[in-house]
Amino acid sequence: MADFPLQPALDLAERRAEARSRAVKIAYVAWLNARTHLVRLEQQRKFYAGGLNVKMQQGCSAVMVQQAGATLQQWQANLKSALRNMENNRLEWQLALDEWEIQKKRVEALMVLARRHALEERRREEKSERRLHDELSARSAYAHRFSEQHGAGFLNAETEWE
């Protein structure tokens with residue numbers, strides 16, 4: 001049976017698909033980490049704002065209010081940065097997923113070609129075996145007929161000699 005001529009391409013495509021799969025997993029984990037970071041920042045900001053609210057209701061100095069305002073602005077900037085980071089990680093994950101799907105389709109297409117090749121090779125072998133079997137059957141039948149026709153004459157000739 002002849003080897004599949006595109007086997008090296010199939011092997012390479014499978015390795016690339018596996019590498020893309022790992023890249024998808026890594027990008028997904030990065031996105032989850034960025035999302036978790038954003039949620040934690042939001043929780044910490046809400047906790048700080050709640051504590052600040054209580055202090056302001058109890059009364060505080062103007063300096064403390066200014067510091068709290070600056071801190072809240074810093075929280076807001078950190079949240080925006082974390083949101084951008086999360087969105088960038090989501091886009092990277094989506095791109096990695098798209099690349100993996102393309103590579104997966106390439107592997108599937110090459111596997112279909114490999115199956116077709118194997119099926120065609122099997123058909124060729126079966127055809128060759130049938131041809132060989134038919135040839136052997138025809139030779140055997142010819143030899144049998146020949147021995148029946150000439151074998152009987154030889155038997156008669158032997159009996160005549162005696």
# chains A, B, ... in the order shown; residues from 1 in each chain; ligands from 1
$ residues_around --residues "region 79-85 of chain A" --least-positions-apart "6" --cutoff "12 Å" --atoms "only C-alpha atoms" --output "list in words"
Ala30, Trp31, Leu32, Asn33, Ala34, Arg35, Thr36, His37, Leu38, Val39, Arg40, Leu41, Glu42, Gln43, Gln44, Arg45, Lys46, Leu72, Gln73, Leu91 and Glu92 of chain A
$ closest_residue --among "A:Trp75, A:Phe47, A:Trp93, A:Phe4" --to "Tyr28 (chain A)" --atoms "only C-alpha atoms"
A:Trp93
$ atom_distance --atom1 "CA of Leu97 (chain A)" --atom2 "CA of Ile26 (chain A)"
10.8 Å
$ residues_around --residues "region 6-8 of chain A" --least-positions-apart "3" --cutoff "8 Å" --atoms "only C-alpha atoms" --output "short mmCIF file (atom, residue, chain, number, x, y, z; two decimals) with C-alpha atoms, in the first residue's frame"
data_model
loop_
_atom_site.label_atom_id
_atom_site.label_comp_id
_atom_site.auth_asym_id
_atom_site.auth_seq_id
_atom_site.Cartn_x
_atom_site.Cartn_y
_atom_site.Cartn_z
CA ASP A 3 1.92 5.97 1.69
CA ASP A 11 1.58 15.90 10.52
CA LEU A 12 2.65 19.54 10.37
CA LEU A 110 -6.15 16.65 5.07
CA ALA A 114 -5.93 10.66 3.78
#
$ closest_residue --among "A:Ala118, A:Leu95, A:Cys60, A:Val107" --to "Ala2 (chain A)" --atoms "only C-alpha atoms"
A:Ala118
$ atom_distance --atom1 "CA of His150 (chain A)" --atom2 "CA of Glu135 (chain A)"
22.0 Å
$ closest_residue --among "A:Lys104, A:Asn89, A:Val29, A:Asn78" --to "Glu14 (chain A)" --atoms "only C-alpha atoms"
A:Lys104
$ atom_distance --atom1 "CA of Lys105 (chain A)" --atom2 "CA of Leu119 (chain A)"
21.0 Å
$ decode --residues "region 80-121 of chain A" --atoms "N, CA and C atoms" --output "PDB file, in the first residue's frame"
ATOM      1  N   LYS A  80     -10.383  51.868  34.335  1.00  0.00           N
ATOM      2  CA  LYS A  80     -10.354  52.030  32.871  1.00  0.00           C
ATOM      3  C   LYS A  80      -9.210  51.231  32.263  1.00  0.00           C
ATOM      4  N   SER A  81      -8.062  51.291  32.905  1.00  0.00           N
ATOM      5  CA  SER A  81      -6.893  50.544  32.425  1.00  0.00           C
ATOM      6  C   SER A  81      -7.156  49.033  32.466  1.00  0.00           C
ATOM      7  N   ALA A  82      -7.753  48.574  33.553  1.00  0.00           N
ATOM      8  CA  ALA A  82      -8.067  47.147  33.694  1.00  0.00           C
ATOM      9  C   ALA A  82      -9.105  46.722  32.656  1.00  0.00           C
ATOM     10  N   LEU A  83     -10.055  47.595  32.385  1.00  0.00           N
ATOM     11  CA  LEU A  83     -11.078  47.301  31.373  1.00  0.00           C
ATOM     12  C   LEU A  83     -10.446  47.187  29.982  1.00  0.00           C
ATOM     13  N   ARG A  84      -9.542  48.123  29.661  1.00  0.00           N
ATOM     14  CA  ARG A  84      -8.831  48.043  28.366  1.00  0.00           C
ATOM     15  C   ARG A  84      -8.005  46.770  28.278  1.00  0.00           C
ATOM     16  N   ASN A  85      -7.315  46.446  29.370  1.00  0.00           N
ATOM     17  CA  ASN A  85      -6.505  45.226  29.403  1.00  0.00           C
ATOM     18  C   ASN A  85      -7.374  43.984  29.205  1.00  0.00           C
ATOM     19  N   MET A  86      -8.528  43.968  29.880  1.00  0.00           N
ATOM     20  CA  MET A  86      -9.426  42.825  29.728  1.00  0.00           C
ATOM     21  C   MET A  86      -9.926  42.728  28.281  1.00  0.00           C
ATOM     22  N   GLU A  87     -10.279  43.826  27.685  1.00  0.00           N
ATOM     23  CA  GLU A  87     -10.773  43.825  26.304  1.00  0.00           C
ATOM     24  C   GLU A  87      -9.673  43.394  25.328  1.00  0.00           C
ATOM     25  N   ASN A  88      -8.452  43.852  25.549  1.00  0.00           N
ATOM     26  CA  ASN A  88      -7.324  43.428  24.692  1.00  0.00           C
ATOM     27  C   ASN A  88      -7.096  41.917  24.812  1.00  0.00           C
ATOM     28  N   ASN A  89      -7.162  41.421  26.040  1.00  0.00           N
ATOM     29  CA  ASN A  89      -6.993  39.980  26.243  1.00  0.00           C
ATOM     30  C   ASN A  89      -8.125  39.182  25.602  1.00  0.00           C
ATOM     31  N   ARG A  90      -9.342  39.731  25.644  1.00  0.00           N
ATOM     32  CA  ARG A  90     -10.470  39.055  24.994  1.00  0.00           C
ATOM     33  C   ARG A  90     -10.266  39.007  23.481  1.00  0.00           C
ATOM     34  N   LEU A  91      -9.778  40.096  22.910  1.00  0.00           N
ATOM     35  CA  LEU A  91      -9.517  40.123  21.469  1.00  0.00           C
ATOM     36  C   LEU A  91      -8.404  39.138  21.086  1.00  0.00           C
ATOM     37  N   GLU A  92      -7.356  39.086  21.904  1.00  0.00           N
ATOM     38  CA  GLU A  92      -6.273  38.128  21.641  1.00  0.00           C
ATOM     39  C   GLU A  92      -6.790  36.698  21.715  1.00  0.00           C
ATOM     40  N   TRP A  93      -7.646  36.432  22.687  1.00  0.00           N
ATOM     41  CA  TRP A  93      -8.237  35.091  22.812  1.00  0.00           C
ATOM     42  C   TRP A  93      -9.081  34.768  21.583  1.00  0.00           C
ATOM     43  N   GLN A  94      -9.879  35.736  21.132  1.00  0.00           N
ATOM     44  CA  GLN A  94     -10.728  35.512  19.961  1.00  0.00           C
ATOM     45  C   GLN A  94      -9.883  35.270  18.710  1.00  0.00           C
ATOM     46  N   LEU A  95      -8.804  36.035  18.552  1.00  0.00           N
ATOM     47  CA  LEU A  95      -7.912  35.828  17.403  1.00  0.00           C
ATOM     48  C   LEU A  95      -7.253  34.454  17.455  1.00  0.00           C
ATOM     49  N   ALA A  96      -6.812  34.065  18.641  1.00  0.00           N
ATOM     50  CA  ALA A  96      -6.197  32.741  18.790  1.00  0.00           C
ATOM     51  C   ALA A  96      -7.213  31.644  18.492  1.00  0.00           C
ATOM     52  N   LEU A  97      -8.437  31.848  18.928  1.00  0.00           N
ATOM     53  CA  LEU A  97      -9.499  30.876  18.658  1.00  0.00           C
ATOM     54  C   LEU A  97      -9.781  30.772  17.163  1.00  0.00           C
ATOM     55  N   ASP A  98      -9.823  31.912  16.482  1.00  0.00           N
ATOM     56  CA  ASP A  98     -10.052  31.913  15.033  1.00  0.00           C
ATOM     57  C   ASP A  98      -8.918  31.192  14.298  1.00  0.00           C
ATOM     58  N   GLU A  99      -7.677  31.452  14.697  1.00  0.00           N
ATOM     59  CA  GLU A  99      -6.528  30.788  14.067  1.00  0.00           C
ATOM     60  C   GLU A  99      -6.578  29.282  14.303  1.00  0.00           C
ATOM     61  N   TRP A 100      -6.962  28.886  15.517  1.00  0.00           N
ATOM     62  CA  TRP A 100      -7.067  27.453  15.827  1.00  0.00           C
ATOM     63  C   TRP A 100      -8.146  26.791  14.976  1.00  0.00           C
ATOM     64  N   GLU A 101      -9.288  27.469  14.809  1.00  0.00           N
ATOM     65  CA  GLU A 101     -10.369  26.900  14.000  1.00  0.00           C
ATOM     66  C   GLU A 101      -9.933  26.731  12.544  1.00  0.00           C
ATOM     67  N   ILE A 102      -9.190  27.691  12.017  1.00  0.00           N
ATOM     68  CA  ILE A 102      -8.678  27.579  10.642  1.00  0.00           C
ATOM     69  C   ILE A 102      -7.741  26.384  10.537  1.00  0.00           C
ATOM     70  N   GLN A 103      -6.840  26.261  11.499  1.00  0.00           N
ATOM     71  CA  GLN A 103      -5.884  25.148  11.481  1.00  0.00           C
ATOM     72  C   GLN A 103      -6.600  23.813  11.661  1.00  0.00           C
ATOM     73  N   LYS A 104      -7.626  23.793  12.494  1.00  0.00           N
ATOM     74  CA  LYS A 104      -8.402  22.571  12.723  1.00  0.00           C
ATOM     75  C   LYS A 104      -9.102  22.145  11.432  1.00  0.00           C
ATOM     76  N   LYS A 105      -9.656  23.104  10.699  1.00  0.00           N
ATOM     77  CA  LYS A 105     -10.306  22.793   9.419  1.00  0.00           C
ATOM     78  C   LYS A 105      -9.292  22.256   8.415  1.00  0.00           C
ATOM     79  N   ARG A 106      -8.083  22.797   8.435  1.00  0.00           N
ATOM     80  CA  ARG A 106      -7.036  22.310   7.538  1.00  0.00           C
ATOM     81  C   ARG A 106      -6.689  20.854   7.856  1.00  0.00           C
ATOM     82  N   VAL A 107      -6.590  20.548   9.136  1.00  0.00           N
ATOM     83  CA  VAL A 107      -6.309  19.168   9.556  1.00  0.00           C
ATOM     84  C   VAL A 107      -7.442  18.244   9.116  1.00  0.00           C
ATOM     85  N   GLU A 108      -8.677  18.686   9.333  1.00  0.00           N
ATOM     86  CA  GLU A 108      -9.815  17.860   8.947  1.00  0.00           C
ATOM     87  C   GLU A 108      -9.829  17.612   7.442  1.00  0.00           C
ATOM     88  N   ALA A 109      -9.513  18.637   6.649  1.00  0.00           N
ATOM     89  CA  ALA A 109      -9.483  18.473   5.193  1.00  0.00           C
ATOM     90  C   ALA A 109      -8.398  17.477   4.783  1.00  0.00           C
ATOM     91  N   LEU A 110      -7.227  17.591   5.395  1.00  0.00           N
ATOM     92  CA  LEU A 110      -6.149  16.654   5.070  1.00  0.00           C
ATOM     93  C   LEU A 110      -6.490  15.235   5.528  1.00  0.00           C
ATOM     94  N   MET A 111      -7.204  15.124   6.637  1.00  0.00           N
ATOM     95  CA  MET A 111      -7.606  13.788   7.097  1.00  0.00           C
ATOM     96  C   MET A 111      -8.625  13.165   6.147  1.00  0.00           C
ATOM     97  N   VAL A 112      -9.508  13.985   5.585  1.00  0.00           N
ATOM     98  CA  VAL A 112     -10.456  13.480   4.584  1.00  0.00           C
ATOM     99  C   VAL A 112      -9.678  12.974   3.364  1.00  0.00           C
ATOM    100  N   LEU A 113      -8.688  13.734   2.945  1.00  0.00           N
ATOM    101  CA  LEU A 113      -7.865  13.296   1.813  1.00  0.00           C
ATOM    102  C   LEU A 113      -7.122  12.004   2.145  1.00  0.00           C
ATOM    103  N   ALA A 114      -6.638  11.886   3.371  1.00  0.00           N
ATOM    104  CA  ALA A 114      -5.934  10.661   3.778  1.00  0.00           C
ATOM    105  C   ALA A 114      -6.883   9.464   3.761  1.00  0.00           C
ATOM    106  N   ARG A 115      -8.107   9.664   4.254  1.00  0.00           N
ATOM    107  CA  ARG A 115      -9.087   8.567   4.224  1.00  0.00           C
ATOM    108  C   ARG A 115      -9.435   8.178   2.794  1.00  0.00           C
ATOM    109  N   ARG A 116      -9.593   9.167   1.930  1.00  0.00           N
ATOM    110  CA  ARG A 116      -9.873   8.880   0.517  1.00  0.00           C
ATOM    111  C   ARG A 116      -8.717   8.109  -0.115  1.00  0.00           C
ATOM    112  N   HIS A 117      -7.504   8.529   0.210  1.00  0.00           N
ATOM    113  CA  HIS A 117      -6.330   7.848  -0.329  1.00  0.00           C
ATOM    114  C   HIS A 117      -6.306   6.396   0.133  1.00  0.00           C
ATOM    115  N   ALA A 118      -6.551   6.173   1.418  1.00  0.00           N
ATOM    116  CA  ALA A 118      -6.542   4.808   1.954  1.00  0.00           C
ATOM    117  C   ALA A 118      -7.637   3.967   1.300  1.00  0.00           C
ATOM    118  N   LEU A 119      -8.808   4.559   1.110  1.00  0.00           N
ATOM    119  CA  LEU A 119      -9.909   3.845   0.460  1.00  0.00           C
ATOM    120  C   LEU A 119      -9.545   3.492  -0.975  1.00  0.00           C
ATOM    121  N   GLU A 120      -8.952   4.425  -1.695  1.00  0.00           N
ATOM    122  CA  GLU A 120      -8.540   4.175  -3.081  1.00  0.00           C
ATOM    123  C   GLU A 120      -7.458   3.100  -3.144  1.00  0.00           C
ATOM    124  N   GLU A 121      -6.526   3.140  -2.201  1.00  0.00           N
ATOM    125  CA  GLU A 121      -5.484   2.111  -2.169  1.00  0.00           C
ATOM    126  C   GLU A 121      -6.082   0.738  -1.890  1.00  0.00           C
TER     127      GLU A 121
END
